[in-house]
>>> print(open('upload-v4.txt').read())   # compact mmCIF, C-alpha atoms and all ligand atoms
# COMPACT_ATOMS: atom_id res chain seq x y z
CA MET A 1 -28.71 -0.31 -12.22
CA HIS A 2 -28.81 -3.60 -14.11
CA ILE A 3 -25.46 -5.22 -15.00
CA GLU A 4 -25.47 -7.08 -18.34
CA ARG A 5 -21.74 -7.69 -18.73
CA ILE A 6 -18.52 -7.33 -16.76
CA ALA A 7 -15.71 -5.98 -18.94
CA VAL A 8 -12.23 -6.82 -17.66
CA ASP A 9 -9.82 -4.16 -18.88
CA GLU A 10 -6.38 -5.43 -19.95
CA SER A 11 -4.79 -3.08 -17.39
CA VAL A 12 -5.67 -5.55 -14.61
CA GLY A 13 -2.64 -7.46 -15.97
CA ARG A 14 -0.50 -5.10 -13.90
CA THR A 15 -1.58 -6.92 -10.74
CA MET A 16 -2.76 -10.38 -11.86
CA PRO A 17 -3.11 -12.59 -14.96
CA PRO A 18 -6.32 -11.30 -16.64
CA GLY A 19 -7.29 -14.85 -17.69
CA LEU A 20 -7.32 -16.10 -14.08
CA PHE A 21 -9.35 -13.08 -13.01
CA VAL A 22 -11.91 -13.62 -15.80
CA GLU A 23 -12.16 -17.30 -14.81
CA ALA A 24 -12.68 -16.39 -11.14
CA LEU A 25 -15.46 -13.95 -12.11
CA SER A 26 -17.22 -16.21 -14.61
CA GLY A 27 -20.08 -18.67 -14.22
CA ARG A 28 -22.27 -16.45 -12.03
CA GLY A 29 -24.89 -15.50 -14.62
CA VAL A 30 -23.33 -12.23 -15.83
CA PRO A 31 -21.12 -12.59 -18.97
CA VAL A 32 -17.47 -11.62 -18.41
CA GLU A 33 -15.37 -10.30 -21.29
CA ARG A 34 -11.75 -9.16 -21.69
CA VAL A 35 -11.54 -5.77 -23.38
CA GLY A 36 -8.74 -3.62 -24.80
CA ASP A 37 -7.91 0.08 -25.06
CA ASP A 38 -10.43 0.91 -27.78
CA GLU A 39 -13.52 -0.59 -26.10
CA GLU A 40 -16.51 1.68 -25.57
CA PHE A 41 -19.06 1.38 -22.79
CA GLY A 42 -22.69 2.11 -22.10
CA PRO A 43 -25.59 1.33 -19.75
CA GLY A 44 -25.52 -2.22 -18.38
CA ASP A 45 -21.72 -2.31 -18.40
CA ALA A 46 -19.49 -2.89 -15.40
CA VAL A 47 -15.73 -2.47 -15.84
CA ALA A 48 -12.99 -3.98 -13.68
CA THR A 49 -9.73 -2.13 -14.21
CA PHE A 50 -6.37 -1.14 -12.77
CA GLY A 51 -6.29 2.40 -14.17
CA HIS A 52 -8.77 5.00 -15.40
CA ARG A 53 -9.80 5.70 -19.01
CA ASP A 54 -12.27 8.47 -19.94
CA ALA A 55 -14.49 5.94 -21.78
CA PHE A 56 -15.18 4.18 -18.45
CA VAL A 57 -17.45 6.96 -17.17
CA ASP A 58 -20.04 5.87 -19.78
CA ALA A 59 -20.42 2.51 -18.00
CA ASP A 60 -22.79 2.02 -15.05
CA TRP A 61 -20.13 0.88 -12.61
CA VAL A 62 -16.31 0.82 -12.54
CA HIS A 63 -14.34 -1.28 -10.09
CA CYS A 64 -10.69 -0.36 -9.43
CA VAL A 65 -8.67 -3.48 -8.61
CA ARG A 66 -6.41 -1.47 -6.26
CA ALA A 67 -7.10 0.15 -2.88
CA GLY A 68 -5.67 3.54 -3.88
CA TYR A 69 -7.83 5.42 -6.40
CA ASP A 70 -5.88 8.69 -6.23
CA GLU A 71 -5.29 8.59 -10.02
CA TYR A 72 -9.05 8.52 -10.80
CA PRO A 73 -10.97 11.74 -11.62
CA VAL A 74 -13.60 11.05 -8.95
CA SER A 75 -15.62 14.19 -9.78
CA ASP A 76 -16.07 13.00 -13.43
CA TYR A 77 -17.62 9.76 -12.15
CA GLU A 78 -19.84 11.70 -9.77
CA ALA A 79 -20.93 14.10 -12.51
CA ALA A 80 -21.81 11.18 -14.82
CA GLY A 81 -23.57 9.25 -12.03
CA THR A 82 -21.21 6.31 -12.62
CA ALA A 83 -20.51 4.19 -9.54
CA LEU A 84 -16.80 3.82 -8.70
CA THR A 85 -15.66 1.20 -6.19
CA ASN A 86 -12.15 0.35 -4.96
CA SER A 87 -10.49 -2.74 -3.51
CA THR A 88 -9.76 -1.68 0.03
CA GLY A 89 -10.30 -4.41 2.63
CA VAL A 90 -8.25 -7.15 0.97
CA HIS A 91 -4.63 -6.08 1.58
CA GLY A 92 -4.35 -6.32 5.37
CA THR A 93 -2.71 -9.74 5.39
CA THR A 94 -0.39 -9.34 2.39
CA VAL A 95 0.85 -5.86 3.26
CA GLY A 96 0.82 -6.64 7.01
CA GLU A 97 3.12 -9.62 6.44
CA THR A 98 5.38 -7.63 4.10
CA VAL A 99 5.77 -4.82 6.63
CA VAL A 100 6.61 -7.28 9.41
CA GLY A 101 9.09 -8.82 6.95
CA TYR A 102 10.76 -5.44 6.38
CA MET A 103 10.98 -4.77 10.10
CA LEU A 104 12.36 -8.22 10.91
CA THR A 105 14.84 -7.97 8.03
CA LEU A 106 16.17 -4.63 9.26
CA ALA A 107 16.21 -5.58 12.97
CA ARG A 108 17.77 -9.02 12.46
CA ARG A 109 20.13 -7.69 9.71
CA LEU A 110 19.03 -10.23 7.09
CA HIS A 111 19.55 -7.70 4.27
CA ALA A 112 23.19 -7.23 5.26
CA TYR A 113 23.88 -10.99 5.26
CA ARG A 114 22.18 -11.39 1.89
CA ASP A 115 24.28 -8.55 0.46
CA ALA A 116 27.46 -10.22 1.83
CA GLN A 117 26.37 -13.61 0.45
CA ARG A 118 26.58 -12.22 -3.10
CA ASP A 119 30.31 -11.68 -2.49
CA ARG A 120 30.72 -14.99 -0.57
CA GLU A 121 31.66 -12.97 2.50
CA TRP A 122 31.26 -14.21 6.09
CA ASP A 123 30.39 -10.73 7.29
CA LEU A 124 29.64 -10.30 11.00
CA PRO A 125 27.48 -7.39 12.22
CA ARG A 126 28.74 -4.84 14.69
CA TYR A 127 27.79 -5.98 18.22
CA THR A 128 25.15 -3.26 18.66
CA GLU A 129 23.56 -3.56 15.21
CA PRO A 130 21.10 -6.47 15.60
CA PHE A 131 18.02 -5.90 17.72
CA THR A 132 14.68 -7.57 18.33
CA LEU A 133 11.27 -6.19 17.41
CA ASP A 134 10.05 -7.36 20.82
CA GLY A 135 9.82 -4.26 23.01
CA GLU A 136 10.42 -1.75 20.18
CA ARG A 137 7.85 0.90 19.33
CA VAL A 138 6.22 1.21 15.90
CA CYS A 139 4.09 4.16 14.83
CA VAL A 140 1.51 3.33 12.17
CA VAL A 141 0.11 6.30 10.23
CA GLY A 142 -3.32 5.45 8.81
CA LEU A 143 -5.27 2.81 10.72
CA GLY A 144 -7.44 1.35 7.95
CA THR A 145 -7.06 -2.08 6.35
CA LEU A 146 -3.29 -1.85 5.82
CA GLY A 147 -2.60 -0.11 9.10
CA ARG A 148 -4.54 -2.62 11.18
CA GLY A 149 -2.91 -5.49 9.31
CA VAL A 150 0.43 -4.10 10.51
CA VAL A 151 -0.82 -3.26 14.02
CA ASP A 152 -2.09 -6.75 14.83
CA ARG A 153 1.07 -8.49 13.58
CA ALA A 154 3.42 -6.02 15.28
CA ALA A 155 1.52 -6.40 18.57
CA ALA A 156 1.74 -10.21 18.25
CA LEU A 157 5.54 -9.85 18.02
CA GLY A 158 5.64 -7.91 21.29
CA MET A 159 6.01 -4.45 19.77
CA GLU A 160 4.51 -1.39 21.39
CA VAL A 161 2.18 0.13 18.82
CA VAL A 162 1.12 3.75 18.53
CA GLY A 163 -0.81 5.20 15.61
CA VAL A 164 -2.12 8.24 13.77
CA ARG A 165 -5.70 8.58 12.58
CA ARG A 166 -7.86 11.56 11.75
CA SER A 167 -10.51 10.89 14.40
CA GLY A 168 -8.02 10.07 17.17
CA ASP A 169 -10.44 7.34 18.33
CA PRO A 170 -8.92 4.27 20.04
CA VAL A 171 -8.01 1.15 18.02
CA GLU A 172 -7.44 -2.36 19.38
CA ASN A 173 -3.74 -3.17 20.01
CA VAL A 174 -2.75 0.52 19.64
CA SER A 175 -1.62 2.00 22.98
CA ALA A 176 -1.86 5.65 21.91
CA VAL A 177 -3.70 7.20 18.97
CA PHE A 178 -2.64 10.68 17.79
CA THR A 179 -4.40 12.99 15.34
CA PRO A 180 -2.41 14.00 12.19
CA ASP A 181 -1.58 17.46 13.63
CA ARG A 182 0.44 15.60 16.32
CA LEU A 183 2.40 13.47 13.81
CA HIS A 184 5.75 14.63 15.16
CA GLU A 185 4.87 13.62 18.71
CA ALA A 186 3.64 10.27 17.43
CA VAL A 187 6.86 9.44 15.59
CA ALA A 188 9.27 10.85 18.17
CA ASP A 189 9.90 7.68 20.18
CA ALA A 190 9.29 5.10 17.45
CA ARG A 191 11.94 2.74 16.04
CA PHE A 192 9.74 2.22 12.95
CA VAL A 193 7.30 4.63 11.32
CA VAL A 194 4.94 2.86 8.92
CA LEU A 195 2.94 4.90 6.38
CA ALA A 196 -0.40 3.30 5.47
CA MET A 197 -2.66 6.24 4.64
CA PRO A 198 -4.16 7.09 1.22
CA LEU A 199 -2.68 9.78 -1.03
CA THR A 200 -4.94 12.82 -0.67
CA ALA A 201 -4.50 16.59 -0.79
CA GLU A 202 -3.94 16.38 2.99
CA THR A 203 -1.36 13.57 2.98
CA GLU A 204 0.71 14.61 -0.06
CA GLY A 205 4.16 15.56 1.25
CA MET A 206 2.98 14.93 4.84
CA VAL A 207 6.29 13.24 5.69
CA ALA A 208 9.16 15.64 5.01
CA ALA A 209 12.26 17.19 6.62
CA PRO A 210 10.51 18.22 9.88
CA THR A 211 9.22 14.66 10.33
CA PHE A 212 12.70 13.21 9.85
CA GLU A 213 14.05 15.70 12.38
CA ALA A 214 11.38 14.58 14.85
CA MET A 215 12.25 10.90 14.34
CA ARG A 216 14.96 9.05 16.27
CA GLU A 217 18.35 8.71 14.58
CA ASP A 218 18.05 4.92 14.85
CA ALA A 219 14.53 4.89 13.34
CA TYR A 220 13.42 3.40 10.02
CA LEU A 221 10.70 4.73 7.71
CA VAL A 222 8.44 2.17 6.03
CA ASN A 223 6.27 3.40 3.14
CA VAL A 224 3.62 1.05 1.73
CA ALA A 225 1.12 3.89 1.07
CA ARG A 226 1.92 5.99 -2.02
CA GLY A 227 5.21 7.62 -3.01
CA PRO A 228 4.05 11.26 -2.90
CA VAL A 229 3.07 11.10 0.80
CA VAL A 230 6.82 11.38 1.39
CA ASP A 231 9.04 14.22 0.14
CA GLU A 232 11.63 11.97 -1.51
CA ALA A 233 14.36 14.64 -1.74
CA ASP A 234 13.98 15.30 2.00
CA LEU A 235 14.14 11.55 2.67
CA VAL A 236 17.39 11.20 0.73
CA ALA A 237 18.80 14.21 2.60
CA ALA A 238 17.76 12.71 5.96
CA LEU A 239 19.38 9.36 5.08
CA ASP A 240 22.56 11.13 3.92
CA ALA A 241 22.70 13.22 7.10
CA GLY A 242 22.01 10.24 9.38
CA ASP A 243 18.83 11.88 10.73
CA ILE A 244 17.21 8.44 10.42
CA ALA A 245 18.81 4.98 10.18
CA GLY A 246 17.15 3.67 7.03
CA ALA A 247 13.93 2.82 5.24
CA ALA A 248 11.87 0.14 3.56
CA LEU A 249 10.10 1.55 0.53
CA ASP A 250 7.53 -0.12 -1.70
CA VAL A 251 6.23 3.04 -3.37
CA PHE A 252 7.93 6.07 -4.91
CA GLU A 253 7.28 9.49 -6.41
CA ALA A 254 8.13 7.97 -9.82
CA GLU A 255 7.55 4.27 -10.56
CA PRO A 256 9.48 2.29 -11.63
CA LEU A 257 12.08 3.98 -9.41
CA PRO A 258 14.49 5.64 -11.90
CA SER A 259 17.90 3.93 -12.08
CA GLU A 260 19.61 7.20 -11.17
CA SER A 261 17.71 7.52 -7.86
CA PRO A 262 20.06 7.66 -4.85
CA LEU A 263 17.60 5.45 -2.96
CA TRP A 264 19.02 2.36 -4.72
CA GLU A 265 22.42 2.99 -3.12
CA PHE A 266 21.82 2.97 0.65
CA ASP A 267 22.77 -0.24 2.50
CA GLU A 268 19.99 0.49 5.03
CA VAL A 269 17.24 1.07 2.47
CA LEU A 270 15.15 -1.81 1.19
CA VAL A 271 13.59 -1.09 -2.20
CA THR A 272 10.70 -3.27 -3.38
CA PRO A 273 8.87 -2.69 -6.70
CA HIS A 274 5.35 -1.84 -5.42
CA VAL A 275 4.65 -5.45 -4.51
CA SER A 276 3.85 -5.37 -0.81
CA ALA A 277 0.31 -6.59 -1.59
CA ALA A 278 1.38 -9.19 -4.16
CA THR A 279 -0.03 -12.72 -3.82
CA GLY A 280 -0.78 -15.52 -6.27
CA LYS A 281 -4.37 -15.38 -5.00
CA TYR A 282 -5.03 -11.73 -5.86
CA HIS A 283 -7.49 -12.68 -8.63
CA GLU A 284 -9.60 -14.64 -6.12
CA ASP A 285 -9.66 -11.82 -3.54
CA ILE A 286 -10.69 -9.18 -6.08
CA ALA A 287 -13.19 -11.44 -7.86
CA ALA A 288 -14.90 -12.10 -4.51
CA LEU A 289 -15.25 -8.35 -3.99
CA VAL A 290 -16.67 -7.79 -7.50
CA ARG A 291 -19.08 -10.73 -7.16
CA GLU A 292 -20.31 -9.41 -3.82
CA ASN A 293 -21.16 -6.10 -5.48
CA VAL A 294 -22.84 -7.79 -8.48
CA GLU A 295 -25.12 -9.49 -5.96
CA LYS A 296 -25.69 -6.20 -4.14
CA ILE A 297 -26.71 -4.47 -7.37
CA ALA A 298 -29.16 -7.30 -8.15
CA ALA A 299 -30.62 -6.97 -4.63
CA GLY A 300 -30.73 -3.15 -4.85
CA ASP A 301 -28.35 -2.80 -1.88
CA PRO A 302 -25.66 -0.12 -1.54
CA LEU A 303 -22.27 -1.11 -3.01
CA THR A 304 -19.34 -2.12 -0.80
CA ASN A 305 -16.29 0.22 -1.12
CA ARG A 306 -18.16 2.83 -3.14
CA VAL A 307 -15.99 5.95 -3.47
CA ALA A 308 -18.07 7.82 -6.10
P1 LIG B 401 -8.32 2.20 4.01
O1 LIG B 401 -9.28 3.17 3.41
O2 LIG B 401 -8.83 0.94 4.60
O3 LIG B 401 -7.46 2.93 5.15
C1 LIG B 401 -6.85 4.17 5.02
C2 LIG B 401 -6.94 4.87 6.36
O4 LIG B 401 -6.14 6.06 6.35
C3 LIG B 401 -8.37 5.29 6.69
O5 LIG B 401 -8.68 4.83 7.99
C4 LIG B 401 -8.31 6.81 6.63
O6 LIG B 401 -9.20 7.41 7.54
C5 LIG B 401 -6.87 7.06 7.03
N1 LIG B 401 -6.38 8.40 6.71
C6 LIG B 401 -6.77 9.23 5.72
N2 LIG B 401 -6.11 10.39 5.82
C7 LIG B 401 -5.29 10.29 6.89
C8 LIG B 401 -4.35 11.16 7.50
N3 LIG B 401 -4.16 12.40 7.03
N4 LIG B 401 -3.68 10.73 8.58
C9 LIG B 401 -3.89 9.50 9.07
N5 LIG B 401 -4.77 8.63 8.54
C10 LIG B 401 -5.45 9.02 7.46
O7 LIG B 401 -7.27 1.91 2.86
P2 LIG B 401 -6.17 0.74 2.86
O8 LIG B 401 -6.69 -0.44 2.14
O9 LIG B 401 -5.63 0.58 4.24
O10 LIG B 401 -5.07 1.40 1.93
C11 LIG B 401 -4.46 2.62 2.30
C12 LIG B 401 -3.62 3.13 1.15
O11 LIG B 401 -2.49 2.28 0.98
C13 LIG B 401 -4.35 3.09 -0.20
O12 LIG B 401 -5.06 4.29 -0.43
C14 LIG B 401 -3.24 2.88 -1.19
O13 LIG B 401 -2.77 4.13 -1.66
C15 LIG B 401 -2.13 2.21 -0.38
N6 LIG B 401 -1.96 0.78 -0.74
C16 LIG B 401 -0.75 0.39 -1.20
C17 LIG B 401 -0.54 -0.93 -1.54
C18 LIG B 401 0.81 -1.39 -2.05
O14 LIG B 401 0.86 -2.32 -2.82
N7 LIG B 401 1.89 -0.79 -1.61
C19 LIG B 401 -1.58 -1.87 -1.40
C20 LIG B 401 -2.81 -1.44 -0.90
C21 LIG B 401 -2.98 -0.10 -0.56
>>> encode(input="upload-v4.txt", output="structure tokens", more="lines below")
Ligand code: NAD
Amino acid sequence: MHIERIAVDESVGRTMPPGLFVEALSGRGVPVERVGDDEEFGPGDAVATFGHRDAFVDADWVHCVRAGYDEYPVSDYEAAGTALTNSTGVHGTTVGETVVGYMLTLARRLHAYRDAQRDREWDLPRYTEPFTLDGERVCVVGLGTLGRGVVDRAAALGMEVVGVRRSGDPVENVSAVFTPDRLHEAVADARFVVLAMPLTAETEGMVAAPTFEAMREDAYLVNVARGPVVDEADLVAALDAGDIAGAALDVFEAEPLPSESPLWEFDEVLVTPHVSAATGKYHEDIAALVRENVEKIAAGDPLTNRVA
């Protein structure tokens, strides 16, 4: 493979200003160009993009500027021999900090005070409502970049961390690692359950009514993975029934979350618009990843984060 230009698809604008990204990629010998919907591709082309377009499979290499590539037809890339890479590895700090923020907000009741502030109300919590993260248990499902970003920060705050991973192998700062078939045991004693796995055939709908029944009634669900890993109707039912205490949700079955969704209404549900990884330095992080792979191609080395 020999890369002659890097085409930056306009769709990257969903996560960062395309101009800043182009600037961060430029000046390294390979021309960088912004392209629109009607651009066609051929040998020598690399494409950096948010979403998939069929024309991309004619390029030599496509880089997805997100970690999750569940919307890409991976088999089409494989059939065409087009390399597909993703952006896992860069979201541990951003998402880790956001998840700790959700947990601190819910434990220290900051959301309730902010809601009361809108009405200029000096609203005191019930005596038993506030708690500390210190000493509470969190269960992290998926112990990759996101999961470990959460694990290390939760452990630093004195939380007891358990986790779920397919291999069941131990992970630093995680006191017990369960395999996915033992999900209900893993969540049973946790005050927070954090979802950080990819959306796959195996994880779609993995968290549903039986999981909420297995969880504590004072537990919170945190989803920074992908909406469809949770059965949203079952989640609403569990919140309505008081099977769990609340949730912090960054991702949804349908995005933007429709205005008629009941999830907007719960006092104990934090809704964020798929921004847990947002940072004003995203263009730098992703450009570094793309540049690393441009160098690897030139050196004939295998690509980092290759998924097809
Ligand atoms: P990663 O590949 O580093 O880690 C994912 C981990 O989940 C891997 O260790 C994998 O083995 C594990 N896993 C797969 N199936 C599992 C299962 N059934 N049970 C338990 N673990 C399982 O990816 P990452 O960078 O940590 O991102 C994870 C996912 O989070 C992405 O695929 C993406 O969908 C989502 N994500 C969301 C945001 C956001 O803005 N909310 C940002 C980045 C990533």
>>> atom_distance(input="upload-v4.txt", atom1="CA of Val57 (chain A)", atom2="CA of Leu20 (chain A)")
25.4 Å
>>> residues_around(input="upload-v4.txt", residues="Thr88 (chain A)", least_positions_apart="4", cutoff="12 Å", atoms="only C-alpha atoms", output="list in words")
His63, Cys64, Val65, Arg66, Ala67, Gly68, Tyr69, Gly92, Thr93, Val95, Gly144, Thr145, Leu146, Gly147, Ala196, Met197, Pro198, Ala277, Asp285, Ile286, Leu289, Val290, Thr304, Asn305, Arg306 and Val307 of chain A
>>> residues_around(input="upload-v4.txt", residues="Ala55 (chain A)", least_positions_apart="2", cutoff="9 Å", atoms="only C-alpha atoms", output="PDB file with C-alpha atoms, in the frame of the given file")
ATOM      1  CA  ASP A  38     -10.430   0.910 -27.780  1.00  0.00           C
ATOM      2  CA  GLU A  39     -13.520  -0.590 -26.100  1.00  0.00           C
ATOM      3  CA  GLU A  40     -16.510   1.680 -25.570  1.00  0.00           C
ATOM      4  CA  PHE A  41     -19.060   1.380 -22.790  1.00  0.00           C
ATOM      5  CA  HIS A  52      -8.770   5.000 -15.400  1.00  0.00           C
ATOM      6  CA  ARG A  53      -9.800   5.700 -19.010  1.00  0.00           C
ATOM      7  CA  VAL A  57     -17.450   6.960 -17.170  1.00  0.00           C
ATOM      8  CA  ASP A  58     -20.040   5.870 -19.780  1.00  0.00           C
ATOM      9  CA  ALA A  59     -20.420   2.510 -18.000  1.00  0.00           C
TER      10      ALA A  59
END
>>> axis_aligned_box(input="upload-v4.txt", around="region 289-293 of chain A", padding_each_side="6 Å", output="JSON")
{"center_x": -18.2, "center_y": -8.4, "center_z": -5.7, "size_x": 17.9, "size_y": 16.6, "size_z": 15.7}
>>> atom_distance(input="upload-v4.txt", atom1="CA of His184 (chain A)", atom2="CA of Glu213 (chain A)")
8.8 Å
>>> residues_around(input="upload-v4.txt", residues="region 236-253 of chain A", least_positions_apart="5", cutoff="6 Å", atoms="all atoms listed in the file", output="VMD selection string")
chain A and resid 217 to 224 226 to 228 268 to 274
>>> atom_distance(input="upload-v4.txt", atom1="CA of Val47 (chain A)", atom2="CA of Thr94 (chain A)")
24.8 Å
>>> residues_around(input="upload-v4.txt", residues="region 159-167 of chain A", least_positions_apart="4", cutoff="9 Å", atoms="all atoms listed in the file", output="MDAnalysis selection string")
chainID A and resid 133:144 147 151 153:155 171 173:183 186:187 190 197
>>> closest_residue(input="upload-v4.txt", among="A:Val62, A:Leu195, A:Ala288, A:Ala214", to="ligand LIG 401 (chain B)", atoms="all atoms listed in the file")
A:Leu195
>>> closest_residue(input="upload-v4.txt", among="A:Gly36, A:Leu263, A:Arg291, A:Val90", to="Val12 (chain A)", atoms="all atoms listed in the file")
A:Gly36
>>> residues_around(input="upload-v4.txt", residues="Leu104 (chain A)", least_positions_apart="4", cutoff="8 Å", atoms="all atoms listed in the file", output="ChimeraX atom specification")
/A:100,108-110,132-133
>>> closest_residue(input="upload-v4.txt", among="A:Gly96, A:Gly300, A:Pro130, A:Pro43", to="ligand LIG 401 (chain B)", atoms="all atoms listed in the file")
A:Gly96
>>> closest_residue(input="upload-v4.txt", among="A:Met1, A:Ala208, A:Val99, A:Leu106", to="ligand LIG 401 (chain B)", atoms="all atoms listed in the file")
A:Val99
>>> closest_atom_pairs(input="upload-v4.txt", of="region 25-120 of chain A", to="region 295-298 of chain A", cutoff="12 Å", atoms="all atoms listed in the file", output="tab-separated table")
residue	atom	partner	partner_atom	distance
A:Arg28	CA	A:Glu295	CA	9.7
A:Gly29	CA	A:Glu295	CA	10.5
A:Val30	CA	A:Glu295	CA	10.4
A:Gly44	CA	A:Ile297	CA	11.3
A:Ala46	CA	A:Ile297	CA	10.9
A:Asp60	CA	A:Ile297	CA	10.8
A:Trp61	CA	A:Ile297	CA	10.0
A:Ala83	CA	A:Ile297	CA	10.9
>>> closest_residue(input="upload-v4.txt", among="A:His91, A:Arg216, A:Arg114, A:Arg120", to="ligand LIG 401 (chain B)", atoms="only C-alpha atoms and all ligand atoms")
A:His91
>>> closest_residue(input="upload-v4.txt", among="A:Glu204, A:Glu260, A:Asp54, A:Asp115", to="Ala225 (chain A)", atoms="only C-alpha atoms")
A:Glu204
>>> decode(input="upload-v4.txt", residues="region 255-276 of chain A", atoms="N, CA and C atoms", output="PDB file, in the first residue's frame")
ATOM      1  N   GLU A 255     -30.684   8.172  18.387  1.00  0.00           N
ATOM      2  CA  GLU A 255     -30.003   9.440  18.702  1.00  0.00           C
ATOM      3  C   GLU A 255     -30.244  10.433  17.579  1.00  0.00           C
ATOM      4  N   PRO A 256     -30.537  11.720  17.888  1.00  0.00           N
ATOM      5  CA  PRO A 256     -30.763  12.259  19.225  1.00  0.00           C
ATOM      6  C   PRO A 256     -31.938  11.558  19.919  1.00  0.00           C
ATOM      7  N   LEU A 257     -31.880  11.508  21.257  1.00  0.00           N
ATOM      8  CA  LEU A 257     -32.969  10.895  22.018  1.00  0.00           C
ATOM      9  C   LEU A 257     -34.269  11.644  21.688  1.00  0.00           C
ATOM     10  N   PRO A 258     -35.297  10.916  21.182  1.00  0.00           N
ATOM     11  CA  PRO A 258     -36.546  11.589  20.793  1.00  0.00           C
ATOM     12  C   PRO A 258     -37.168  12.354  21.968  1.00  0.00           C
ATOM     13  N   SER A 259     -37.782  13.503  21.668  1.00  0.00           N
ATOM     14  CA  SER A 259     -38.311  14.354  22.741  1.00  0.00           C
ATOM     15  C   SER A 259     -39.400  13.645  23.535  1.00  0.00           C
ATOM     16  N   GLU A 260     -40.044  12.645  22.922  1.00  0.00           N
ATOM     17  CA  GLU A 260     -41.117  11.952  23.649  1.00  0.00           C
ATOM     18  C   GLU A 260     -40.584  10.816  24.541  1.00  0.00           C
ATOM     19  N   SER A 261     -39.276  10.590  24.553  1.00  0.00           N
ATOM     20  CA  SER A 261     -38.743   9.495  25.379  1.00  0.00           C
ATOM     21  C   SER A 261     -38.978   9.771  26.863  1.00  0.00           C
ATOM     22  N   PRO A 262     -39.457   8.759  27.590  1.00  0.00           N
ATOM     23  CA  PRO A 262     -39.666   8.938  29.046  1.00  0.00           C
ATOM     24  C   PRO A 262     -38.352   9.155  29.787  1.00  0.00           C
ATOM     25  N   LEU A 263     -37.230   8.816  29.165  1.00  0.00           N
ATOM     26  CA  LEU A 263     -35.943   8.947  29.864  1.00  0.00           C
ATOM     27  C   LEU A 263     -35.617  10.397  30.223  1.00  0.00           C
ATOM     28  N   TRP A 264     -36.191  11.356  29.476  1.00  0.00           N
ATOM     29  CA  TRP A 264     -35.938  12.774  29.795  1.00  0.00           C
ATOM     30  C   TRP A 264     -36.530  13.165  31.155  1.00  0.00           C
ATOM     31  N   GLU A 265     -37.527  12.397  31.597  1.00  0.00           N
ATOM     32  CA  GLU A 265     -38.383  12.847  32.712  1.00  0.00           C
ATOM     33  C   GLU A 265     -37.890  12.471  34.106  1.00  0.00           C
ATOM     34  N   PHE A 266     -37.036  11.457  34.219  1.00  0.00           N
ATOM     35  CA  PHE A 266     -36.689  10.958  35.558  1.00  0.00           C
ATOM     36  C   PHE A 266     -35.696  11.892  36.256  1.00  0.00           C
ATOM     37  N   ASP A 267     -35.997  12.259  37.511  1.00  0.00           N
ATOM     38  CA  ASP A 267     -35.066  13.095  38.286  1.00  0.00           C
ATOM     39  C   ASP A 267     -33.715  12.406  38.450  1.00  0.00           C
ATOM     40  N   GLU A 268     -33.730  11.065  38.557  1.00  0.00           N
ATOM     41  CA  GLU A 268     -32.500  10.314  38.835  1.00  0.00           C
ATOM     42  C   GLU A 268     -31.837   9.766  37.566  1.00  0.00           C
ATOM     43  N   VAL A 269     -32.190  10.332  36.425  1.00  0.00           N
ATOM     44  CA  VAL A 269     -31.522   9.930  35.178  1.00  0.00           C
ATOM     45  C   VAL A 269     -30.808  11.148  34.594  1.00  0.00           C
ATOM     46  N   LEU A 270     -29.516  10.991  34.376  1.00  0.00           N
ATOM     47  CA  LEU A 270     -28.749  12.028  33.683  1.00  0.00           C
ATOM     48  C   LEU A 270     -28.693  11.653  32.211  1.00  0.00           C
ATOM     49  N   VAL A 271     -29.094  12.584  31.355  1.00  0.00           N
ATOM     50  CA  VAL A 271     -29.036  12.361  29.909  1.00  0.00           C
ATOM     51  C   VAL A 271     -27.975  13.289  29.326  1.00  0.00           C
ATOM     52  N   THR A 272     -26.980  12.708  28.650  1.00  0.00           N
ATOM     53  CA  THR A 272     -25.995  13.540  27.948  1.00  0.00           C
ATOM     54  C   THR A 272     -26.005  13.134  26.467  1.00  0.00           C
ATOM     55  N   PRO A 273     -25.771  14.097  25.578  1.00  0.00           N
ATOM     56  CA  PRO A 273     -25.971  13.858  24.128  1.00  0.00           C
ATOM     57  C   PRO A 273     -24.776  13.209  23.423  1.00  0.00           C
ATOM     58  N   HIS A 274     -24.417  12.005  23.815  1.00  0.00           N
ATOM     59  CA  HIS A 274     -23.298  11.251  23.223  1.00  0.00           C
ATOM     60  C   HIS A 274     -22.021  12.107  23.182  1.00  0.00           C
ATOM     61  N   VAL A 275     -21.647  12.586  24.340  1.00  0.00           N
ATOM     62  CA  VAL A 275     -20.498  13.500  24.433  1.00  0.00           C
ATOM     63  C   VAL A 275     -19.484  13.078  25.485  1.00  0.00           C
ATOM     64  N   SER A 276     -19.604  11.835  25.980  1.00  0.00           N
ATOM     65  CA  SER A 276     -18.721  11.474  27.096  1.00  0.00           C
ATOM     66  C   SER A 276     -17.247  11.507  26.688  1.00  0.00           C
TER      67      SER A 276
END
